[in-house]
$ cat data-v8.txt   # compact mmCIF, C-alpha atoms
# COMPACT_ATOMS: atom_id res chain seq x y z
CA MET A 1 21.12 -32.81 -5.25
CA LYS A 2 19.66 -30.77 -2.38
CA ALA A 3 15.88 -30.39 -2.16
CA LEU A 4 14.49 -27.04 -1.01
CA ASP A 5 11.67 -26.85 1.52
CA ILE A 6 8.91 -24.91 -0.27
CA GLU A 7 7.50 -23.57 3.02
CA ALA A 8 10.93 -22.30 4.01
CA VAL A 9 11.32 -20.59 0.63
CA GLN A 10 7.87 -19.01 1.05
CA ALA A 11 8.84 -17.70 4.49
CA PHE A 12 12.04 -16.21 3.07
CA VAL A 13 10.20 -14.38 0.27
CA LEU A 14 7.64 -13.00 2.72
CA VAL A 15 10.33 -11.66 5.06
CA ALA A 16 12.19 -10.20 2.07
CA ASP A 17 9.04 -8.42 0.86
CA LEU A 18 7.69 -7.28 4.23
CA ARG A 19 11.08 -6.63 5.87
CA SER A 20 9.69 -8.07 9.08
CA PHE A 21 9.60 -11.52 10.69
CA THR A 22 6.53 -10.43 12.65
CA ARG A 23 4.53 -9.41 9.58
CA ALA A 24 5.62 -12.54 7.72
CA ALA A 25 4.36 -14.63 10.63
CA GLU A 26 1.04 -12.79 10.54
CA ALA A 27 0.72 -13.42 6.81
CA LEU A 28 1.38 -17.13 7.37
CA ASP A 29 -0.91 -17.30 10.42
CA GLY A 30 2.05 -18.61 12.36
CA THR A 31 4.60 -17.47 14.91
CA GLN A 32 7.77 -15.45 14.51
CA SER A 33 9.83 -18.31 15.92
CA ALA A 34 8.39 -20.70 13.32
CA VAL A 35 9.34 -18.30 10.52
CA SER A 36 12.85 -17.92 11.94
CA LEU A 37 13.20 -21.70 12.15
CA ARG A 38 12.13 -22.17 8.52
CA ILE A 39 14.60 -19.58 7.28
CA LYS A 40 17.42 -21.02 9.38
CA ARG A 41 16.65 -24.43 7.86
CA LEU A 42 16.79 -22.90 4.38
CA GLU A 43 20.06 -21.08 5.11
CA ASP A 44 21.62 -24.24 6.58
CA GLY A 45 20.56 -26.25 3.55
CA LEU A 46 21.99 -23.71 1.12
CA GLY A 47 25.08 -22.99 3.22
CA ARG A 48 24.42 -19.27 2.76
CA ARG A 49 23.24 -16.46 5.01
CA LEU A 50 20.25 -14.92 3.24
CA LEU A 51 19.13 -12.27 5.72
CA GLU A 52 20.95 -9.79 7.94
CA ARG A 53 19.09 -9.27 11.21
CA THR A 54 19.42 -6.46 13.75
CA PRO A 55 17.04 -5.46 16.57
CA ARG A 56 15.70 -2.64 14.40
CA ARG A 57 15.68 -3.93 10.84
CA VAL A 58 15.86 -6.91 8.52
CA ARG A 59 17.59 -6.72 5.15
CA LEU A 60 18.79 -9.08 2.46
CA SER A 61 22.41 -10.17 2.38
CA ALA A 62 24.21 -10.23 -0.95
CA GLU A 63 23.47 -13.96 -1.18
CA GLY A 64 19.82 -13.36 -0.29
CA ASP A 65 19.47 -10.68 -2.94
CA ALA A 66 20.90 -13.07 -5.54
CA PHE A 67 18.63 -15.92 -4.39
CA LEU A 68 15.38 -13.91 -4.22
CA PRO A 69 14.39 -13.97 -7.94
CA PHE A 70 15.01 -17.73 -8.10
CA ALA A 71 12.94 -18.20 -4.95
CA ARG A 72 10.07 -16.30 -6.57
CA ASN A 73 10.33 -18.48 -9.68
CA LEU A 74 10.27 -21.62 -7.53
CA LEU A 75 7.09 -20.49 -5.74
CA ALA A 76 5.46 -19.61 -9.06
CA ALA A 77 6.34 -23.04 -10.51
CA HIS A 78 5.04 -24.76 -7.37
CA SER A 79 1.79 -22.82 -7.61
CA GLY A 80 1.50 -23.69 -11.30
CA ALA A 81 1.93 -27.37 -10.55
CA LEU A 82 -0.86 -27.26 -7.98
CA ASP A 83 -3.07 -25.40 -10.47
CA ALA A 84 -3.15 -28.48 -12.69
CA PHE A 85 -5.98 -29.81 -10.52
CA ALA A 86 -7.37 -26.52 -9.27
CA ALA A 87 -11.04 -25.67 -9.03
CA PRO A 88 -12.41 -22.61 -10.85
CA ARG A 89 -10.74 -19.49 -9.54
CA ARG A 90 -12.39 -17.02 -7.19
CA ARG A 91 -12.78 -13.53 -8.65
CA LEU A 92 -12.37 -10.80 -6.04
CA VAL A 93 -13.43 -7.27 -7.04
CA VAL A 94 -11.65 -4.68 -4.90
CA GLY A 95 -11.86 -0.91 -5.02
CA LEU A 96 -8.85 1.22 -4.00
CA SER A 97 -8.99 4.94 -3.35
CA HIS A 98 -6.54 6.68 -5.66
CA HIS A 99 -5.42 8.74 -2.65
CA ILE A 100 -3.81 5.68 -1.03
CA VAL A 101 -2.06 3.88 -3.90
CA GLY A 102 1.06 5.02 -5.69
CA ALA A 103 4.21 3.50 -7.10
CA GLU A 104 3.99 0.57 -4.66
CA LEU A 105 0.86 -0.87 -6.35
CA PRO A 106 2.82 -3.57 -8.29
CA LEU A 107 4.31 -4.80 -5.00
CA LEU A 108 0.87 -4.94 -3.40
CA LEU A 109 -0.54 -6.98 -6.27
CA ARG A 110 2.46 -9.31 -6.29
CA ARG A 111 2.09 -9.90 -2.57
CA VAL A 112 -1.58 -10.89 -2.95
CA LYS A 113 -0.81 -13.14 -5.93
CA GLN A 114 1.92 -14.93 -3.99
CA ALA A 115 -0.38 -15.48 -1.03
CA GLU A 116 -3.48 -16.52 -2.99
CA PRO A 117 -2.53 -17.54 -6.55
CA ASP A 118 -5.99 -19.01 -7.18
CA VAL A 119 -7.77 -15.71 -6.57
CA VAL A 120 -8.29 -13.48 -9.63
CA MET A 121 -8.24 -9.92 -8.34
CA GLU A 122 -10.12 -7.25 -10.25
CA VAL A 123 -9.01 -3.80 -9.07
CA ARG A 124 -10.92 -0.57 -9.58
CA ILE A 125 -9.36 2.74 -8.60
CA SER A 126 -11.59 5.74 -7.96
CA THR A 127 -12.57 8.25 -5.28
CA SER A 128 -13.43 7.01 -1.81
CA ARG A 129 -16.97 8.34 -2.15
CA GLU A 130 -17.65 6.52 -5.43
CA LEU A 131 -16.12 3.29 -4.16
CA LEU A 132 -18.22 3.29 -1.00
CA GLU A 133 -21.36 3.85 -3.06
CA ALA A 134 -20.43 0.91 -5.31
CA PHE A 135 -19.68 -1.26 -2.26
CA ASP A 136 -23.07 -0.42 -0.76
CA ARG A 137 -24.73 -1.36 -4.06
CA GLY A 138 -22.97 -4.73 -3.92
CA THR A 139 -20.88 -4.28 -7.07
CA LEU A 140 -17.58 -4.44 -5.15
CA ASP A 141 -16.51 -7.19 -2.75
CA ALA A 142 -14.30 -4.88 -0.73
CA VAL A 143 -12.91 -1.34 -0.73
CA LEU A 144 -9.93 0.38 0.85
CA VAL A 145 -10.77 4.06 1.23
CA LEU A 146 -10.06 7.21 3.19
CA ARG A 147 -12.54 7.82 5.98
CA HIS A 148 -14.60 10.88 5.06
CA ASP A 149 -16.07 11.92 8.41
CA SER A 150 -17.55 10.62 11.63
CA ARG A 151 -20.91 9.77 10.08
CA ARG A 152 -19.69 6.34 8.94
CA LEU A 153 -17.56 4.52 11.48
CA ASP A 154 -17.86 0.92 10.27
CA GLY A 155 -15.01 -0.94 8.60
CA GLU A 156 -11.55 -1.92 9.81
CA VAL A 157 -9.03 0.87 10.28
CA LEU A 158 -5.71 -0.29 8.78
CA PHE A 159 -3.54 2.75 9.52
CA GLU A 160 -3.44 6.54 9.49
CA GLU A 161 -2.34 8.22 6.27
CA PRO A 162 -0.41 11.47 6.94
CA PHE A 163 -0.91 14.30 4.47
CA GLY A 164 1.41 17.13 3.59
CA TRP A 165 1.72 20.15 1.31
CA MET A 166 3.82 18.65 -1.48
CA ALA A 167 5.70 20.50 -4.21
CA ALA A 168 8.62 20.10 -6.60
CA PRO A 169 12.03 20.97 -5.11
CA ASP A 170 12.36 23.95 -7.47
CA PHE A 171 8.86 25.30 -6.76
CA VAL A 172 8.91 29.01 -5.93
CA HIS A 173 6.07 30.87 -4.23
CA ARG A 174 6.35 34.65 -4.45
CA SER A 175 5.57 36.39 -1.18
CA GLY A 176 2.28 38.25 -1.18
CA GLU A 177 0.73 36.19 -3.99
CA PRO A 178 -2.02 33.58 -3.47
CA LEU A 179 -0.76 30.05 -3.04
CA PRO A 180 -0.98 28.17 -6.39
CA LEU A 181 -2.98 25.05 -5.64
CA ALA A 182 -3.48 21.83 -7.60
CA THR A 183 -6.64 19.98 -6.61
CA GLN A 184 -9.21 17.51 -7.81
CA ALA A 185 -12.64 18.52 -8.95
CA GLU A 186 -15.42 18.72 -6.39
CA PRO A 187 -16.66 16.77 -4.57
CA CYS A 188 -13.35 15.53 -3.14
CA SER A 189 -12.83 15.15 0.60
CA VAL A 190 -9.07 15.82 0.35
CA ARG A 191 -9.73 18.98 -1.67
CA GLN A 192 -12.19 20.09 1.01
CA MET A 193 -9.67 19.26 3.73
CA ALA A 194 -7.02 21.38 1.97
CA VAL A 195 -9.14 24.46 1.30
CA THR A 196 -10.62 24.34 4.80
CA ALA A 197 -7.15 24.27 6.34
CA LEU A 198 -6.04 27.22 4.19
CA ALA A 199 -9.17 29.21 5.05
CA GLN A 200 -8.74 28.56 8.77
CA GLY A 201 -5.08 29.54 8.51
CA GLY A 202 -5.89 32.75 6.64
CA VAL A 203 -3.81 31.68 3.63
CA PRO A 204 -5.02 33.06 0.29
CA TRP A 205 -4.93 30.54 -2.53
CA SER A 206 -5.66 30.23 -6.21
CA GLU A 207 -6.68 27.03 -8.00
CA VAL A 208 -4.29 26.75 -10.95
CA PHE A 209 -4.81 23.08 -11.87
CA VAL A 210 -7.72 20.66 -11.52
CA GLY A 211 -6.96 16.97 -12.06
CA GLY A 212 -9.09 13.97 -12.77
CA GLY A 213 -7.26 11.76 -10.27
CA ILE A 214 -4.27 11.70 -7.99
CA LEU A 215 -1.97 10.79 -10.89
CA THR A 216 -2.74 14.01 -12.76
CA VAL A 217 -2.55 16.14 -9.61
CA GLY A 218 0.82 14.56 -8.82
CA ALA A 219 2.01 15.30 -12.35
CA ALA A 220 1.13 18.98 -11.91
CA VAL A 221 3.06 19.05 -8.65
CA SER A 222 6.09 17.32 -10.19
CA ALA A 223 5.99 19.85 -13.05
CA GLY A 224 6.33 22.69 -10.56
CA LEU A 225 2.93 24.20 -11.34
CA ALA A 226 1.52 24.20 -7.85
CA VAL A 227 1.36 22.84 -4.33
CA ALA A 228 -1.07 20.02 -3.50
CA ALA A 229 -2.33 18.24 -0.41
CA LEU A 230 -1.14 14.67 -0.92
CA GLY A 231 -0.54 11.60 1.19
CA ARG A 232 3.19 11.61 1.90
CA ARG A 233 3.44 7.86 1.25
CA VAL A 234 2.06 8.12 -2.30
CA ALA A 235 3.32 11.56 -3.32
CA PRO A 236 5.36 11.51 -6.55
CA ALA A 237 9.02 10.61 -6.17
CA GLY A 238 11.20 13.67 -5.80
CA THR A 239 8.52 15.95 -4.36
CA ILE A 240 9.03 17.50 -0.94
CA GLU A 241 6.95 18.78 1.97
CA VAL A 242 6.88 22.60 1.82
CA GLY A 243 4.27 23.37 4.47
CA PRO A 244 6.66 24.50 7.24
CA VAL A 245 8.80 26.56 4.84
CA LEU A 246 5.78 28.37 3.39
CA GLY A 247 4.03 28.73 6.73
CA LEU A 248 1.06 26.62 5.69
CA PRO A 249 -1.30 25.12 8.29
CA PRO A 250 -0.71 21.44 9.11
CA LEU A 251 -3.02 18.90 7.52
CA PRO A 252 -4.73 16.19 9.57
CA ALA A 253 -4.04 12.50 9.04
CA ARG A 254 -6.86 10.39 7.64
CA ASP A 255 -7.80 6.82 8.50
CA VAL A 256 -7.43 4.21 5.74
CA VAL A 257 -10.36 1.85 6.19
CA LEU A 258 -11.18 -1.59 4.80
CA HIS A 259 -14.84 -2.38 4.11
CA ALA A 260 -15.36 -6.02 3.13
CA GLY A 261 -18.36 -8.18 2.36
CA VAL A 262 -16.77 -11.58 1.76
CA SER A 263 -17.11 -14.79 3.75
CA ASP A 264 -15.15 -17.43 1.79
CA ALA A 265 -11.67 -18.32 2.98
CA PRO A 266 -9.71 -17.55 -0.24
CA ALA A 267 -11.17 -14.05 -0.47
CA ARG A 268 -10.56 -13.37 3.21
CA ARG A 269 -6.95 -14.53 2.93
CA ALA A 270 -6.40 -12.39 -0.17
CA LEU A 271 -7.79 -9.32 1.60
CA LYS A 272 -5.63 -10.04 4.64
CA SER A 273 -2.56 -10.21 2.41
CA LEU A 274 -3.52 -6.92 0.76
CA SER A 275 -4.16 -5.29 4.14
CA ASP A 276 -0.85 -6.54 5.55
CA ALA A 277 1.00 -5.24 2.50
CA MET A 278 -0.73 -1.86 2.76
CA ARG A 279 0.29 -1.61 6.42
CA ALA A 280 3.84 -2.52 5.46
CA THR A 281 4.01 0.32 2.91
CA ALA A 282 2.67 2.70 5.56
CA GLY A 283 5.51 1.64 7.84
CA GLY A 284 8.10 1.83 5.06
CA LEU A 285 8.74 -1.93 5.22
CA MET A 286 8.10 -3.10 1.66
CA ARG A 287 10.90 -3.30 -0.82

$ encode --input "data-v8.txt" --output "structure tokens"
Amino acid sequence: MKALDIEAVQAFVLVADLRSFTRAAEALDGTQSAVSLRIKRLEDGLGRRLLERTPRRVRLSAEGDAFLPFARNLLAAHSGALDAFAAPRRRLVVGLSHHIVGAELPLLLRRVKQAEPDVVMEVRISTSRELLEAFDRGTLDAVLVLRHDSRRLDGEVLFEEPFGWMAAPDFVHRSGEPLPLATQAEPCSVRQMAVTALAQGGVPWSEVFVGGGILTVGAAVSAGLAVAALGRRVAPAGTIEVGPVLGLPPLPARDVVLHAGVSDAPARRALKSLSDAMRATAGGLMR
């Protein structure tokens, strides 16, 4: 009976999730060549080609797609075996701005759990302003938020989040009427960004829906009620960018910033895994 190298299996799952040998190497604190060697060793042992590689992309082969769920189960069982003698788990309380998380949240959480199974992550989703206030009070270990303005320039910039005027494909705006707008209640920096852009562009608008979070605003957009300024990465599935068609002013991109106040190695590794996964979703790499 063949024995599988657990490190090689871990490397395979990381590449499958991140769609990148480079990002998998970063997550493992290793080199791309070491990751490639582990996966080649796994493929040679199984007698199957698991990944299709080209200069521009990495994707699963049919055999790799079939093997992936079993590889995940193997890593989970391995982690469970090690947990038999584990010390008390580290609880990491993280705040995420609701403007930067969407349907990919389960993949982000799975990625962190795979990387640091002994860390219990407690996630709170709210506005960037409220999360920063909680972080400054010391009630959150770390936050991932949208940068509000130039008054606070600390934190690690992970990537730029592009915003667009999003609407349902069947949304119709009658010429000459104010633009129907779905927003969040004040104070909201994205709401302010949107109304400022419309004012500067001389575009009349009417607030037709006010949501209590990005999920409700996205629902109003999907229902065809209005247009909303949303991050393109987390906009509801099926919605489209209508800014150029309607002649709306372009929206600026916003920095996604990590503020962290942790010093222990497990928490730092968990945050690095979360940050890497967030960057991967921004680049369209996660599955």

$ atom_distance --input "data-v8.txt" --atom1 "atom CA of Gly211 of chain A" --atom2 "atom CA of Ala182 of chain A"
7.5 Å

$ atom_distance --input "data-v8.txt" --atom1 "atom CA of Glu116 of chain A" --atom2 "atom CA of Ala270 of chain A"
5.8 Å

$ closest_residue --input "data-v8.txt" --among "A:Ala77, A:Leu248, A:Met166, A:Ala11" --to "Pro204 of chain A" --atoms "only C-alpha atoms"
A:Leu248

$ closest_residue --input "data-v8.txt" --among "A:Gly64, A:Ser36, A:Glu186, A:Arg111" --to "Leu274 of chain A" --atoms "all atoms listed in the file"
A:Arg111

$ atom_distance --input "data-v8.txt" --atom1 "atom CA of Asp276 of chain A" --atom2 "atom CA of Asp141 of chain A"
17.7 Å

$ residues_near_point --input "data-v8.txt" --point "(-11.0, 2.5, 3.5)" --cutoff "6 Å" --atoms "all atoms listed in the file" --output "number ranges by chain"
A: 144-146, 256-258
